[in-house]
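Following: one structure in structure tokens, then a few remarks.
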Amino acid sequence: MILFPAIDLKDGKAVRLIRGAMDSATVFNDDPAAQARVFAEQGFQWLHLVDLNGAFEGRPVNAAAVEAIVSAVDIPIQLGGGIRDLATVERWLELGLARVILGTVAVKNPALVREACRAFPGRIVLGIDARAGRVAVEGWAEVSEISALDLARRFEDAGAAAIVYTDIERDGALEGANVAATYELAKDIATPVIASGGVASLDDIAAFQAIADAGIEGVISGRALYDGRLDPASALALLAGPAETGESTSC
């Protein structure tokens with residue numbers, strides 16, 4: 001199972017929000033590329049980026065910061081936020097990103113998601129952000145009538161590499177992850193799931209590791225890594241432990 005450190009980009013800086021509210025942003029690093037280097041040096045194997053401004057505006061906004069991060073590290077990176085057309089998908093992938101995350105368009109333009117999956121196999125991730133079980137779009141500003149599970153099932157045959165499932169009410173709140181809801185989603189679909197929202201401790205990571213066989217590919221953590229609640233070395237050692245004894249829980 002992969003632990004993805006998150007770098008959320010707002011106005012060119014690395015920030016964290018609480019439950020997706022832009023006015024709750026806490027700046028953790030004025031230099032996102034430097035933060036990316038820190039995560040790489042700590043031993044993380046992936047980075048998870050979100051263009052927060054882009055998610056609200058429906059177009060890439062923090063491109064300079066993303067490009068700087070791509071140039072700064074050699075580990076694979078996935079990015080979401082403001083990606084609404086195939087040309088933007090292609091541009092990001094050509095820049096060097098390993099995967100792009102499509103969220104709002106999964107609800108508003110599902111044909112685009114399918115087209116992107118066909119054009120770039122293994123490089124498209126479906127972003128499903130849920131508030132009280134219902135999918136939120138446009139930077140979480142709008143809540144649809146579609147359930148997270150129903151949306152995931154609609155794309156089971158599309159060929160997405162994974163689904164990033166975020167519980168908005170837990171995101172950035174350090175109140176613990178919604179393991180139960182993530183498990184209920186993962187066990188009912190074939191697409192691997194990456195859990196996001198509220199991961200605040202080793203206990204959260206251990207809880208997801210325990211249900212990895214349900215289809216949990218990884219876990220995203222942000223604020224807990226920045227404020228020291230989650231020690232990177234301990235978290236990575238926890239995930240590496242079973243593999244060393246031959247009892248892998250990787251998906």
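Ordering of the structure tokens sets the chain letters (A, B, ...); residue numbers start at 1 within each chain; ligands are numbered from 1 in the order shown.
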For stretch 15-121 of chain A against stretch 128-135 of chain A, with a cut-off of 9 Å and counting only C-alpha atoms, what is the closest atom pair and its distance in Å to one decimal for every residue that makes the cut, ordered by chain and number, as a Markdown table?
| residue | atom | partner | partner_atom | distance |
| --- | --- | --- | --- | --- |
| A:Leu102 | CA | A:Ile128 | CA | 8.6 |
| A:Gly103 | CA | A:Ile128 | CA | 6.0 |
| A:Thr104 | CA | A:Ile128 | CA | 8.5 |
| A:Ala106 | CA | A:Ile128 | CA | 8.5 |
| A:Val107 | CA | A:Val135 | CA | 8.4 |
Write to file, as a short mmCIF file (atom, residue, chain, number, x, y, z; two decimals), in the first residue's frame, the residues of the selection just made, with C-alpha atoms.
data_model
loop_
_atom_site.label_atom_id
_atom_site.label_comp_id
_atom_site.auth_asym_id
_atom_site.auth_seq_id
_atom_site.Cartn_x
_atom_site.Cartn_y
_atom_site.Cartn_z
CA LEU A 102 -10.50 13.74 -13.13
CA GLY A 103 -13.25 14.66 -10.70
CA THR A 104 -15.83 17.23 -11.74
CA ALA A 106 -16.80 12.53 -14.16
CA VAL A 107 -20.19 13.96 -13.22
#
Can you list, as a tab-separated table (two decimals) with C-alpha atoms, in the first residue's frame, every protein, DNA or RNA residue that comes within 10 Å of stretch 180-186 of chain A when you count only C-alpha atoms, leaving out same-chain residues fewer than 6 positions away?
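Here's the written file selection_20.tsv:
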chain	number	residue	atom	x	y	z
A	133	GLY	CA	-22.12	10.09	0.72
A	148	ALA	CA	-20.02	7.84	-4.48
A	149	LEU	CA	-20.67	4.16	-5.14
A	150	ASP	CA	-23.03	4.81	-8.05
A	152	ALA	CA	-17.69	4.55	-9.21
A	153	ARG	CA	-19.81	1.80	-10.72
A	163	ILE	CA	-10.15	6.07	-7.65
A	165	TYR	CA	-12.03	8.69	-2.61
A	166	THR	CA	-12.19	11.70	-0.30
A	167	ASP	CA	-14.53	12.16	2.64
A	192	PRO	CA	-8.31	0.17	-6.83
A	193	VAL	CA	-9.14	2.86	-4.26
A	194	ILE	CA	-6.86	5.49	-2.74
A	195	ALA	CA	-8.23	6.77	0.57
A	196	SER	CA	-8.17	10.47	1.38
A	207	ALA	CA	-6.68	0.51	9.72
A	208	PHE	CA	-6.43	0.93	5.95
A	211	ILE	CA	-8.47	-3.78	4.73
A	212	ALA	CA	-6.02	-3.48	1.83
A	213	ASP	CA	-7.28	-6.76	0.39
A	214	ALA	CA	-10.62	-5.05	-0.30
A	215	GLY	CA	-8.84	-3.03	-2.98
A	216	ILE	CA	-7.10	-0.20	-1.13
A	217	GLU	CA	-4.10	0.87	-3.24
So how many Å separate atom CA of A:Lys108 and atom CA of A:Ile168, to one decimal? 19.3 Å
What's around A:Thr26 at 7 Å? Count only C-alpha atoms, leave out sequence neighbours fewer than 2 positions away in its own chain, and write the answer as a PyMOL selection string. chain A and resi 15-17+24+28
I need the residues of stretch 104-203 of chain A that end up classed as strand (DSSP E or B) by DSSP on the backbone, written out as a list in words. Ile124, Val125, Leu126, Gly127, Ile128, Asp129, Ala130, Arg131, Arg134, Val135, Ala136, Val137, Glu142, Val143, Ser144, Glu145, Ile146, Ser147, Ala162, Ile163, Val164, Tyr165, Thr166, Asp167, Val193, Ile194, Ala195 and Ser196 of chain A
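Atom CA of A:Glu94 lies 22.2 Å from atom CA of A:Glu57.
Take the candidates A:Ser234, A:Ala224, A:Arg37, A:Val219 and check each one against A:Leu3 using only C-alpha atoms; the shortest distance goes to A:Val219.
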Please measure the separation of atom CA of A:Gly12 and atom CA of A:Gly54, giving the value in Å to one decimal. 11.3 Å
